[in-house]
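Novice: The following file, work_34.csv, comprises CSV, N, CA and C atoms:
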chain,number,residue,atom,x,y,z
A,1,MET,N,25.2,-38.2,-45.7
A,1,MET,CA,25.9,-37.0,-45.2
A,1,MET,C,25.6,-35.8,-46.0
A,2,ALA,N,25.5,-36.0,-47.3
A,2,ALA,CA,25.2,-34.8,-48.2
A,2,ALA,C,23.9,-34.2,-47.8
A,3,LYS,N,23.9,-32.8,-47.8
A,3,LYS,CA,22.7,-32.1,-47.6
A,3,LYS,C,22.4,-31.2,-48.8
A,4,TRP,N,22.5,-31.8,-50.0
A,4,TRP,CA,22.1,-31.1,-51.2
A,4,TRP,C,20.6,-30.9,-51.1
A,5,ASP,N,20.1,-29.9,-51.8
A,5,ASP,CA,18.7,-29.6,-52.0
A,5,ASP,C,18.2,-30.5,-53.1
A,6,LEU,N,17.4,-31.5,-52.7
A,6,LEU,CA,17.0,-32.5,-53.6
A,6,LEU,C,16.1,-31.9,-54.7
A,7,ASN,N,15.4,-30.8,-54.4
A,7,ASN,CA,14.6,-30.1,-55.4
A,7,ASN,C,15.5,-29.6,-56.5
A,8,LYS,N,16.7,-29.1,-56.1
A,8,LYS,CA,17.7,-28.6,-57.1
A,8,LYS,C,18.2,-29.7,-58.0
A,9,LEU,N,18.4,-30.9,-57.3
A,9,LEU,CA,18.9,-32.0,-58.1
A,9,LEU,C,17.9,-32.5,-59.1
A,10,ASN,N,16.7,-32.3,-58.8
A,10,ASN,CA,15.6,-32.8,-59.7
A,10,ASN,C,15.2,-31.8,-60.8
A,11,GLN,N,15.7,-30.6,-60.7
A,11,GLN,CA,15.3,-29.5,-61.6
A,11,GLN,C,15.8,-29.8,-63.0
A,12,VAL,N,15.0,-29.5,-64.0
A,12,VAL,CA,15.5,-29.6,-65.4
A,12,VAL,C,16.7,-28.6,-65.5
A,13,GLY,N,17.7,-29.1,-66.1
A,13,GLY,CA,18.9,-28.3,-66.4
A,13,GLY,C,20.0,-28.5,-65.3
A,14,HIS,N,19.7,-29.2,-64.3
A,14,HIS,CA,20.7,-29.5,-63.3
A,14,HIS,C,21.8,-30.3,-64.0
A,15,ASP,N,23.1,-29.9,-63.8
A,15,ASP,CA,24.2,-30.5,-64.5
A,15,ASP,C,25.3,-30.8,-63.5
A,16,PRO,N,25.4,-32.1,-63.1
A,16,PRO,CA,26.4,-32.5,-62.0
A,16,PRO,C,27.8,-32.3,-62.5
A,17,VAL,N,28.1,-32.1,-63.8
A,17,VAL,CA,29.5,-31.9,-64.2
A,17,VAL,C,29.8,-30.4,-64.3
A,18,GLU,N,28.9,-29.6,-64.9
A,18,GLU,CA,29.1,-28.2,-65.1
A,18,GLU,C,28.8,-27.3,-63.9
A,19,LYS,N,27.8,-27.7,-63.1
A,19,LYS,CA,27.4,-27.0,-61.9
A,19,LYS,C,26.9,-27.9,-60.8
A,20,PRO,N,27.9,-28.7,-60.2
A,20,PRO,CA,27.5,-29.5,-59.1
A,20,PRO,C,27.0,-28.7,-58.0
A,21,VAL,N,25.9,-29.2,-57.3
A,21,VAL,CA,25.3,-28.4,-56.2
A,21,VAL,C,26.3,-28.2,-55.1
A,22,HIS,N,27.1,-29.2,-54.8
A,22,HIS,CA,28.1,-29.0,-53.6
A,22,HIS,C,29.2,-28.1,-53.9
A,23,TYR,N,29.4,-27.6,-55.1
A,23,TYR,CA,30.4,-26.6,-55.5
A,23,TYR,C,29.9,-25.2,-55.8
A,24,ASN,N,28.6,-25.0,-55.4
A,24,ASN,CA,28.0,-23.7,-55.6
A,24,ASN,C,27.4,-23.2,-54.2
A,25,GLN,N,28.1,-22.3,-53.6
A,25,GLN,CA,27.6,-21.8,-52.3
A,25,GLN,C,27.4,-20.3,-52.4
A,26,ALA,N,26.2,-19.9,-52.0
A,26,ALA,CA,25.9,-18.5,-52.0
A,26,ALA,C,26.0,-17.8,-53.4
A,27,GLY,N,25.8,-18.7,-54.4
A,27,GLY,CA,25.9,-18.1,-55.8
A,27,GLY,C,27.3,-18.0,-56.3
A,28,ILE,N,28.2,-18.6,-55.6
A,28,ILE,CA,29.6,-18.5,-56.0
A,28,ILE,C,30.1,-19.9,-56.3
A,29,GLU,N,30.7,-20.1,-57.5
A,29,GLU,CA,31.2,-21.4,-57.9
A,29,GLU,C,32.6,-21.6,-57.3
A,30,CYS,N,32.8,-22.7,-56.7
A,30,CYS,CA,34.1,-23.0,-56.1
A,30,CYS,C,35.3,-22.8,-57.0
A,31,ILE,N,35.1,-23.2,-58.3
A,31,ILE,CA,36.2,-23.1,-59.3
A,31,ILE,C,36.6,-21.6,-59.4
A,32,ASP,N,35.6,-20.7,-59.4
A,32,ASP,CA,35.9,-19.3,-59.5
A,32,ASP,C,36.7,-18.8,-58.3
A,33,ALA,N,36.3,-19.2,-57.1
A,33,ALA,CA,37.1,-18.9,-55.9
A,33,ALA,C,38.5,-19.4,-55.9
A,34,ILE,N,38.6,-20.7,-56.4
A,34,ILE,CA,40.0,-21.3,-56.5
A,34,ILE,C,40.8,-20.5,-57.5
A,35,GLU,N,40.3,-20.2,-58.6
A,35,GLU,CA,41.1,-19.4,-59.6
A,35,GLU,C,41.5,-18.1,-59.1
A,36,ALA,N,40.6,-17.4,-58.4
A,36,ALA,CA,40.9,-16.1,-57.8
A,36,ALA,C,42.0,-16.2,-56.8
A,37,MET,N,41.9,-17.2,-55.9
A,37,MET,CA,42.9,-17.4,-54.8
A,37,MET,C,44.2,-17.8,-55.3
A,38,THR,N,44.3,-18.6,-56.3
A,38,THR,CA,45.6,-19.2,-56.8
A,38,THR,C,46.2,-18.4,-58.0
A,39,GLU,N,45.6,-17.4,-58.5
A,39,GLU,CA,46.0,-16.8,-59.7
A,39,GLU,C,47.5,-16.3,-59.6
A,40,ASN,N,47.9,-15.8,-58.5
A,40,ASN,CA,49.3,-15.3,-58.4
A,40,ASN,C,50.2,-16.2,-57.5
A,41,MET,N,49.7,-17.4,-57.1
A,41,MET,CA,50.5,-18.3,-56.3
A,41,MET,C,51.5,-19.0,-57.2
A,42,SER,N,52.6,-19.4,-56.5
A,42,SER,CA,53.6,-20.2,-57.2
A,42,SER,C,53.0,-21.6,-57.5
A,43,GLY,N,53.6,-22.2,-58.5
A,43,GLY,CA,53.1,-23.6,-58.9
A,43,GLY,C,53.4,-24.6,-57.9
A,44,SER,N,54.3,-24.3,-57.0
A,44,SER,CA,54.7,-25.3,-56.0
A,44,SER,C,53.6,-25.4,-54.8
A,45,ILE,N,52.8,-24.4,-54.6
A,45,ILE,CA,51.8,-24.4,-53.6
A,45,ILE,C,50.4,-24.3,-54.1
A,46,ALA,N,50.2,-23.7,-55.2
A,46,ALA,CA,48.9,-23.5,-55.7
A,46,ALA,C,48.0,-24.7,-55.8
A,47,PRO,N,48.4,-25.9,-56.2
A,47,PRO,CA,47.6,-27.0,-56.3
A,47,PRO,C,47.1,-27.5,-54.9
A,48,HIS,N,48.0,-27.3,-53.9
A,48,HIS,CA,47.6,-27.7,-52.5
A,48,HIS,C,46.6,-26.7,-51.9
A,49,ALA,N,46.8,-25.5,-52.2
A,49,ALA,CA,45.9,-24.4,-51.7
A,49,ALA,C,44.5,-24.6,-52.3
A,50,ALA,N,44.5,-25.0,-53.6
A,50,ALA,CA,43.3,-25.2,-54.3
A,50,ALA,C,42.5,-26.3,-53.7
A,51,ASN,N,43.2,-27.4,-53.4
A,51,ASN,CA,42.5,-28.6,-52.8
A,51,ASN,C,42.0,-28.3,-51.4
A,52,VAL,N,42.8,-27.5,-50.6
A,52,VAL,CA,42.3,-27.1,-49.3
A,52,VAL,C,41.0,-26.4,-49.4
A,53,LEU,N,40.9,-25.4,-50.3
A,53,LEU,CA,39.7,-24.6,-50.5
A,53,LEU,C,38.5,-25.6,-51.0
A,54,LYS,N,38.8,-26.4,-51.9
A,54,LYS,CA,37.8,-27.3,-52.5
A,54,LYS,C,37.2,-28.2,-51.4
A,55,TYR,N,38.0,-28.8,-50.6
A,55,TYR,CA,37.5,-29.7,-49.6
A,55,TYR,C,36.8,-29.0,-48.5
A,56,MET,N,37.2,-27.8,-48.1
A,56,MET,CA,36.5,-27.0,-47.1
A,56,MET,C,35.2,-26.5,-47.7
A,57,TRP,N,35.2,-26.2,-49.0
A,57,TRP,CA,34.0,-25.6,-49.6
A,57,TRP,C,32.9,-26.6,-49.6
A,58,ARG,N,33.2,-27.9,-49.8
A,58,ARG,CA,32.1,-28.9,-49.9
A,58,ARG,C,31.9,-29.7,-48.7
A,59,CYS,N,32.6,-29.6,-47.6
A,59,CYS,CA,32.6,-30.5,-46.5
A,59,CYS,C,31.2,-30.7,-45.9
A,60,GLU,N,30.4,-29.6,-45.8
A,60,GLU,CA,29.1,-29.8,-45.2
A,60,GLU,C,28.1,-30.3,-46.2
A,61,TYR,N,28.5,-30.4,-47.5
A,61,TYR,CA,27.5,-30.8,-48.5
A,61,TYR,C,27.9,-32.2,-49.2
A,62,LYS,N,29.0,-32.7,-48.8
A,62,LYS,CA,29.4,-34.0,-49.4
A,62,LYS,C,29.9,-35.0,-48.4
A,63,ASN,N,31.2,-34.9,-47.9
A,63,ASN,CA,31.7,-36.0,-47.1
A,63,ASN,C,32.1,-35.6,-45.7
A,64,GLY,N,31.7,-34.4,-45.2
A,64,GLY,CA,31.9,-34.0,-43.9
A,64,GLY,C,33.3,-34.1,-43.4
A,65,LEU,N,33.5,-34.9,-42.3
A,65,LEU,CA,34.8,-35.0,-41.7
A,65,LEU,C,35.9,-35.5,-42.6
A,66,GLU,N,35.5,-36.4,-43.5
A,66,GLU,CA,36.5,-36.9,-44.5
A,66,GLU,C,37.1,-35.7,-45.3
A,67,ASP,N,36.2,-34.8,-45.7
A,67,ASP,CA,36.7,-33.7,-46.5
A,67,ASP,C,37.5,-32.8,-45.7
A,68,ILE,N,37.2,-32.6,-44.4
A,68,ILE,CA,38.0,-31.8,-43.5
A,68,ILE,C,39.4,-32.4,-43.4
A,69,ASP,N,39.4,-33.7,-43.2
A,69,ASP,CA,40.7,-34.4,-43.0
A,69,ASP,C,41.5,-34.3,-44.3
A,70,LYS,N,40.9,-34.3,-45.5
A,70,LYS,CA,41.6,-34.2,-46.7
A,70,LYS,C,42.2,-32.8,-46.8
A,71,ALA,N,41.4,-31.8,-46.4
A,71,ALA,CA,41.9,-30.4,-46.5
A,71,ALA,C,43.1,-30.2,-45.6
A,72,ILE,N,43.1,-30.8,-44.4
A,72,ILE,CA,44.2,-30.8,-43.5
A,72,ILE,C,45.4,-31.4,-44.1
A,73,TRP,N,45.2,-32.6,-44.8
A,73,TRP,CA,46.3,-33.3,-45.4
A,73,TRP,C,47.0,-32.3,-46.4
A,74,TYR,N,46.2,-31.7,-47.3
A,74,TYR,CA,46.7,-30.8,-48.3
A,74,TYR,C,47.3,-29.5,-47.7
A,75,LEU,N,46.8,-29.1,-46.6
A,75,LEU,CA,47.3,-27.9,-45.9
A,75,LEU,C,48.7,-28.2,-45.3
A,76,ASN,N,48.8,-29.4,-44.7
A,76,ASN,CA,50.2,-29.8,-44.2
A,76,ASN,C,51.2,-30.0,-45.4
A,77,ARG,N,50.7,-30.5,-46.5
A,77,ARG,CA,51.6,-30.6,-47.7
A,77,ARG,C,52.0,-29.2,-48.2
A,78,LEU,N,51.0,-28.3,-48.2
A,78,LEU,CA,51.3,-26.9,-48.6
A,78,LEU,C,52.4,-26.3,-47.7
A,79,ARG,N,52.2,-26.5,-46.4
A,79,ARG,CA,53.1,-26.0,-45.4
A,79,ARG,C,54.5,-26.6,-45.6
A,80,LYS,N,54.6,-27.9,-45.9
A,80,LYS,CA,55.9,-28.5,-46.2
A,80,LYS,C,56.6,-27.9,-47.4
A,81,ARG,N,55.8,-27.7,-48.5
A,81,ARG,CA,56.3,-27.1,-49.7
A,81,ARG,C,56.8,-25.7,-49.5
A,82,TRP,N,56.0,-24.9,-48.7
A,82,TRP,CA,56.3,-23.5,-48.4
A,82,TRP,C,57.7,-23.5,-47.6
A,83,THR,N,57.8,-24.3,-46.6
A,83,THR,CA,59.0,-24.3,-45.8
A,83,THR,C,60.3,-24.7,-46.7
A,84,GLU,N,60.0,-25.6,-47.6
A,84,GLU,CA,61.2,-26.0,-48.5
A,84,GLU,C,61.6,-25.0,-49.4
A,85,THR,N,60.7,-24.1,-49.9
A,85,THR,CA,61.0,-23.1,-50.9
A,85,THR,C,61.3,-21.7,-50.2
A,86,HIS,N,61.1,-21.6,-49.0
A,86,HIS,CA,61.3,-20.3,-48.3
A,86,HIS,C,62.2,-20.4,-47.1
A,87,LYS,N,63.4,-21.0,-47.4
A,87,LYS,CA,64.4,-21.2,-46.3
A,87,LYS,C,65.2,-19.9,-46.3
Output the file's structure in the form of structure tokens.
Specialist:
Amino acid sequence: MAKWDLNKLNQVGHDPVEKPVHYNQAGIECIDAIEAMTENMSGSIAPHAANVLKYMWRCEYKNGLEDIDKAIWYLNRLRKRWTETHK
């Protein structure tokens, strides 16, 4: 399912821990987008929002529909937490 650029994977300096290919899209690191998105979110929803973004970010490059399903699971959890704290 993964559609990583195999040439990138074989390049000297490729680091699957520090710069995994599936977390770098259009020159933007997923972690940077997550940190920007969740910087001012409450602790009750930020982890769920981060996971939604993470799984959507990588779905075409890693696990496809499984990642989309995981994003939906976290989004539903975020929605539940939101409704519990915003009554």
Novice: For the atom pair CA of Ala33 (chain A) and CA of Lys80 (chain A), what is the interatomic distance in Å to one decimal place?
Specialist: 23.2 Å
Novice: For atom N of Arg77 (chain A) and CA of Thr38 (chain A), quote the distance in Å rounded to one decimal.
Specialist: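 Computing it gives 16.1 Å between the two atoms.
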Novice: Write down as a PyMOL selection string the residues of chain A whose backbone DSSP state falls under alpha helix (DSSP H).
Specialist: chain A and resi 6-10+30-38+46-58+65-85
Novice: Only N, CA and C atoms, please: the residues just picked out, written as a CSV table (one decimal), in the frame of the given file.
Specialist:
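What ended up in selection-v3.csv:
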chain,number,residue,atom,x,y,z
A,6,LEU,N,17.4,-31.5,-52.7
A,6,LEU,CA,17.0,-32.5,-53.6
A,6,LEU,C,16.1,-31.9,-54.7
A,7,ASN,N,15.4,-30.8,-54.4
A,7,ASN,CA,14.6,-30.1,-55.4
A,7,ASN,C,15.5,-29.6,-56.5
A,8,LYS,N,16.7,-29.1,-56.1
A,8,LYS,CA,17.7,-28.6,-57.1
A,8,LYS,C,18.2,-29.7,-58.0
A,9,LEU,N,18.4,-30.9,-57.3
A,9,LEU,CA,18.9,-32.0,-58.1
A,9,LEU,C,17.9,-32.5,-59.1
A,10,ASN,N,16.7,-32.3,-58.8
A,10,ASN,CA,15.6,-32.8,-59.7
A,10,ASN,C,15.2,-31.8,-60.8
A,30,CYS,N,32.8,-22.7,-56.7
A,30,CYS,CA,34.1,-23.0,-56.1
A,30,CYS,C,35.3,-22.8,-57.0
A,31,ILE,N,35.1,-23.2,-58.3
A,31,ILE,CA,36.2,-23.1,-59.3
A,31,ILE,C,36.6,-21.6,-59.4
A,32,ASP,N,35.6,-20.7,-59.4
A,32,ASP,CA,35.9,-19.3,-59.5
A,32,ASP,C,36.7,-18.8,-58.3
A,33,ALA,N,36.3,-19.2,-57.1
A,33,ALA,CA,37.1,-18.9,-55.9
A,33,ALA,C,38.5,-19.4,-55.9
A,34,ILE,N,38.6,-20.7,-56.4
A,34,ILE,CA,40.0,-21.3,-56.5
A,34,ILE,C,40.8,-20.5,-57.5
A,35,GLU,N,40.3,-20.2,-58.6
A,35,GLU,CA,41.1,-19.4,-59.6
A,35,GLU,C,41.5,-18.1,-59.1
A,36,ALA,N,40.6,-17.4,-58.4
A,36,ALA,CA,40.9,-16.1,-57.8
A,36,ALA,C,42.0,-16.2,-56.8
A,37,MET,N,41.9,-17.2,-55.9
A,37,MET,CA,42.9,-17.4,-54.8
A,37,MET,C,44.2,-17.8,-55.3
A,38,THR,N,44.3,-18.6,-56.3
A,38,THR,CA,45.6,-19.2,-56.8
A,38,THR,C,46.2,-18.4,-58.0
A,46,ALA,N,50.2,-23.7,-55.2
A,46,ALA,CA,48.9,-23.5,-55.7
A,46,ALA,C,48.0,-24.7,-55.8
A,47,PRO,N,48.4,-25.9,-56.2
A,47,PRO,CA,47.6,-27.0,-56.3
A,47,PRO,C,47.1,-27.5,-54.9
A,48,HIS,N,48.0,-27.3,-53.9
A,48,HIS,CA,47.6,-27.7,-52.5
A,48,HIS,C,46.6,-26.7,-51.9
A,49,ALA,N,46.8,-25.5,-52.2
A,49,ALA,CA,45.9,-24.4,-51.7
A,49,ALA,C,44.5,-24.6,-52.3
A,50,ALA,N,44.5,-25.0,-53.6
A,50,ALA,CA,43.3,-25.2,-54.3
A,50,ALA,C,42.5,-26.3,-53.7
A,51,ASN,N,43.2,-27.4,-53.4
A,51,ASN,CA,42.5,-28.6,-52.8
A,51,ASN,C,42.0,-28.3,-51.4
A,52,VAL,N,42.8,-27.5,-50.6
A,52,VAL,CA,42.3,-27.1,-49.3
A,52,VAL,C,41.0,-26.4,-49.4
A,53,LEU,N,40.9,-25.4,-50.3
A,53,LEU,CA,39.7,-24.6,-50.5
A,53,LEU,C,38.5,-25.6,-51.0
A,54,LYS,N,38.8,-26.4,-51.9
A,54,LYS,CA,37.8,-27.3,-52.5
A,54,LYS,C,37.2,-28.2,-51.4
A,55,TYR,N,38.0,-28.8,-50.6
A,55,TYR,CA,37.5,-29.7,-49.6
A,55,TYR,C,36.8,-29.0,-48.5
A,56,MET,N,37.2,-27.8,-48.1
A,56,MET,CA,36.5,-27.0,-47.1
A,56,MET,C,35.2,-26.5,-47.7
A,57,TRP,N,35.2,-26.2,-49.0
A,57,TRP,CA,34.0,-25.6,-49.6
A,57,TRP,C,32.9,-26.6,-49.6
A,58,ARG,N,33.2,-27.9,-49.8
A,58,ARG,CA,32.1,-28.9,-49.9
A,58,ARG,C,31.9,-29.7,-48.7
A,65,LEU,N,33.5,-34.9,-42.3
A,65,LEU,CA,34.8,-35.0,-41.7
A,65,LEU,C,35.9,-35.5,-42.6
A,66,GLU,N,35.5,-36.4,-43.5
A,66,GLU,CA,36.5,-36.9,-44.5
A,66,GLU,C,37.1,-35.7,-45.3
A,67,ASP,N,36.2,-34.8,-45.7
A,67,ASP,CA,36.7,-33.7,-46.5
A,67,ASP,C,37.5,-32.8,-45.7
A,68,ILE,N,37.2,-32.6,-44.4
A,68,ILE,CA,38.0,-31.8,-43.5
A,68,ILE,C,39.4,-32.4,-43.4
A,69,ASP,N,39.4,-33.7,-43.2
A,69,ASP,CA,40.7,-34.4,-43.0
A,69,ASP,C,41.5,-34.3,-44.3
A,70,LYS,N,40.9,-34.3,-45.5
A,70,LYS,CA,41.6,-34.2,-46.7
A,70,LYS,C,42.2,-32.8,-46.8
A,71,ALA,N,41.4,-31.8,-46.4
A,71,ALA,CA,41.9,-30.4,-46.5
A,71,ALA,C,43.1,-30.2,-45.6
A,72,ILE,N,43.1,-30.8,-44.4
A,72,ILE,CA,44.2,-30.8,-43.5
A,72,ILE,C,45.4,-31.4,-44.1
A,73,TRP,N,45.2,-32.6,-44.8
A,73,TRP,CA,46.3,-33.3,-45.4
A,73,TRP,C,47.0,-32.3,-46.4
A,74,TYR,N,46.2,-31.7,-47.3
A,74,TYR,CA,46.7,-30.8,-48.3
A,74,TYR,C,47.3,-29.5,-47.7
A,75,LEU,N,46.8,-29.1,-46.6
A,75,LEU,CA,47.3,-27.9,-45.9
A,75,LEU,C,48.7,-28.2,-45.3
A,76,ASN,N,48.8,-29.4,-44.7
A,76,ASN,CA,50.2,-29.8,-44.2
A,76,ASN,C,51.2,-30.0,-45.4
A,77,ARG,N,50.7,-30.5,-46.5
A,77,ARG,CA,51.6,-30.6,-47.7
A,77,ARG,C,52.0,-29.2,-48.2
A,78,LEU,N,51.0,-28.3,-48.2
A,78,LEU,CA,51.3,-26.9,-48.6
A,78,LEU,C,52.4,-26.3,-47.7
A,79,ARG,N,52.2,-26.5,-46.4
A,79,ARG,CA,53.1,-26.0,-45.4
A,79,ARG,C,54.5,-26.6,-45.6
A,80,LYS,N,54.6,-27.9,-45.9
A,80,LYS,CA,55.9,-28.5,-46.2
A,80,LYS,C,56.6,-27.9,-47.4
A,81,ARG,N,55.8,-27.7,-48.5
A,81,ARG,CA,56.3,-27.1,-49.7
A,81,ARG,C,56.8,-25.7,-49.5
A,82,TRP,N,56.0,-24.9,-48.7
A,82,TRP,CA,56.3,-23.5,-48.4
A,82,TRP,C,57.7,-23.5,-47.6
A,83,THR,N,57.8,-24.3,-46.6
A,83,THR,CA,59.0,-24.3,-45.8
A,83,THR,C,60.3,-24.7,-46.7
A,84,GLU,N,60.0,-25.6,-47.6
A,84,GLU,CA,61.2,-26.0,-48.5
A,84,GLU,C,61.6,-25.0,-49.4
A,85,THR,N,60.7,-24.1,-49.9
A,85,THR,CA,61.0,-23.1,-50.9
A,85,THR,C,61.3,-21.7,-50.2
Novice: Please compute the atom C of Cys59 (chain A)-CA of Pro47 (chain A) distance, one decimal, in Å.
Specialist: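 These two atoms are separated by 19.8 Å.
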Novice: When you look at Ala71 (chain A) with a cut-off of 7 Å (counting all atoms listed in the file), what residues show up, excluding the ones that are within fewer than 2 positions of it in the same chain? I need them as a PDB file with N, CA and C atoms, in the coordinates of the input.
Specialist:
ATOM      1  N   ASN A  51      43.200 -27.400 -53.400  1.00  0.00           N
ATOM      2  CA  ASN A  51      42.500 -28.600 -52.800  1.00  0.00           C
ATOM      3  C   ASN A  51      42.000 -28.300 -51.400  1.00  0.00           C
ATOM      4  N   VAL A  52      42.800 -27.500 -50.600  1.00  0.00           N
ATOM      5  CA  VAL A  52      42.300 -27.100 -49.300  1.00  0.00           C
ATOM      6  C   VAL A  52      41.000 -26.400 -49.400  1.00  0.00           C
ATOM      7  N   LEU A  53      40.900 -25.400 -50.300  1.00  0.00           N
ATOM      8  CA  LEU A  53      39.700 -24.600 -50.500  1.00  0.00           C
ATOM      9  C   LEU A  53      38.500 -25.600 -51.000  1.00  0.00           C
ATOM     10  N   TYR A  55      38.000 -28.800 -50.600  1.00  0.00           N
ATOM     11  CA  TYR A  55      37.500 -29.700 -49.600  1.00  0.00           C
ATOM     12  C   TYR A  55      36.800 -29.000 -48.500  1.00  0.00           C
ATOM     13  N   MET A  56      37.200 -27.800 -48.100  1.00  0.00           N
ATOM     14  CA  MET A  56      36.500 -27.000 -47.100  1.00  0.00           C
ATOM     15  C   MET A  56      35.200 -26.500 -47.700  1.00  0.00           C
ATOM     16  N   GLU A  66      35.500 -36.400 -43.500  1.00  0.00           N
ATOM     17  CA  GLU A  66      36.500 -36.900 -44.500  1.00  0.00           C
ATOM     18  C   GLU A  66      37.100 -35.700 -45.300  1.00  0.00           C
ATOM     19  N   ASP A  67      36.200 -34.800 -45.700  1.00  0.00           N
ATOM     20  CA  ASP A  67      36.700 -33.700 -46.500  1.00  0.00           C
ATOM     21  C   ASP A  67      37.500 -32.800 -45.700  1.00  0.00           C
ATOM     22  N   ILE A  68      37.200 -32.600 -44.400  1.00  0.00           N
ATOM     23  CA  ILE A  68      38.000 -31.800 -43.500  1.00  0.00           C
ATOM     24  C   ILE A  68      39.400 -32.400 -43.400  1.00  0.00           C
ATOM     25  N   ASP A  69      39.400 -33.700 -43.200  1.00  0.00           N
ATOM     26  CA  ASP A  69      40.700 -34.400 -43.000  1.00  0.00           C
ATOM     27  C   ASP A  69      41.500 -34.300 -44.300  1.00  0.00           C
ATOM     28  N   TRP A  73      45.200 -32.600 -44.800  1.00  0.00           N
ATOM     29  CA  TRP A  73      46.300 -33.300 -45.400  1.00  0.00           C
ATOM     30  C   TRP A  73      47.000 -32.300 -46.400  1.00  0.00           C
ATOM     31  N   TYR A  74      46.200 -31.700 -47.300  1.00  0.00           N
ATOM     32  CA  TYR A  74      46.700 -30.800 -48.300  1.00  0.00           C
ATOM     33  C   TYR A  74      47.300 -29.500 -47.700  1.00  0.00           C
ATOM     34  N   LEU A  75      46.800 -29.100 -46.600  1.00  0.00           N
ATOM     35  CA  LEU A  75      47.300 -27.900 -45.900  1.00  0.00           C
ATOM     36  C   LEU A  75      48.700 -28.200 -45.300  1.00  0.00           C
ATOM     37  N   ASN A  76      48.800 -29.400 -44.700  1.00  0.00           N
ATOM     38  CA  ASN A  76      50.200 -29.800 -44.200  1.00  0.00           C
ATOM     39  C   ASN A  76      51.200 -30.000 -45.400  1.00  0.00           C
TER      40      ASN A  76
END
Novice: Of the candidates A:Pro16, A:Ala49, A:Trp57, A:Asn63, which shows the shortest atom-to-atom distance to Arg79 (chain A), using only N, CA and C atoms?
Specialist: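 The answer is A:Ala49, which sits nearest to Arg79 (chain A).
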Novice: Pick from A:Leu65, A:Ile45, A:Val17, A:Ala50: nearest to Cys30 (chain A), with only C-alpha atoms counted?
Specialist: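 With only C-alpha atoms as the atom set, the closest residue is A:Ala50.
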Novice: Give me, as a count of residues only, the residues of chain A that a backbone DSSP run labels strand (DSSP E or B).
Specialist: 4
Novice: So that I can see what lies close to region 21-25 of chain A, please list as a compact mmCIF listing (two decimals) with N, CA and C atoms, keeping the file's coordinate frame the residues with an atom at most 6.5 Å from it, counting all atoms listed in the file and leaving out residues fewer than 2 positions away in the same chain.
Specialist:
# COMPACT_ATOMS: atom_id res chain seq x y z
N TRP A 4 22.50 -31.80 -50.00
CA TRP A 4 22.10 -31.10 -51.20
C TRP A 4 20.60 -30.90 -51.10
N ASP A 15 23.10 -29.90 -63.80
CA ASP A 15 24.20 -30.50 -64.50
C ASP A 15 25.30 -30.80 -63.50
N PRO A 16 25.40 -32.10 -63.10
CA PRO A 16 26.40 -32.50 -62.00
C PRO A 16 27.80 -32.30 -62.50
N LYS A 19 27.80 -27.70 -63.10
CA LYS A 19 27.40 -27.00 -61.90
C LYS A 19 26.90 -27.90 -60.80
N GLY A 27 25.80 -18.70 -54.40
CA GLY A 27 25.90 -18.10 -55.80
C GLY A 27 27.30 -18.00 -56.30
N ILE A 28 28.20 -18.60 -55.60
CA ILE A 28 29.60 -18.50 -56.00
C ILE A 28 30.10 -19.90 -56.30
N GLU A 29 30.70 -20.10 -57.50
CA GLU A 29 31.20 -21.40 -57.90
C GLU A 29 32.60 -21.60 -57.30
N CYS A 30 32.80 -22.70 -56.70
CA CYS A 30 34.10 -23.00 -56.10
C CYS A 30 35.30 -22.80 -57.00
N ILE A 31 35.10 -23.20 -58.30
CA ILE A 31 36.20 -23.10 -59.30
C ILE A 31 36.60 -21.60 -59.40
N TRP A 57 35.20 -26.20 -49.00
CA TRP A 57 34.00 -25.60 -49.60
C TRP A 57 32.90 -26.60 -49.60
N ARG A 58 33.20 -27.90 -49.80
CA ARG A 58 32.10 -28.90 -49.90
C ARG A 58 31.90 -29.70 -48.70
N TYR A 61 28.50 -30.40 -47.50
CA TYR A 61 27.50 -30.80 -48.50
C TYR A 61 27.90 -32.20 -49.20
N LYS A 62 29.00 -32.70 -48.80
CA LYS A 62 29.40 -34.00 -49.40
C LYS A 62 29.90 -35.00 -48.40
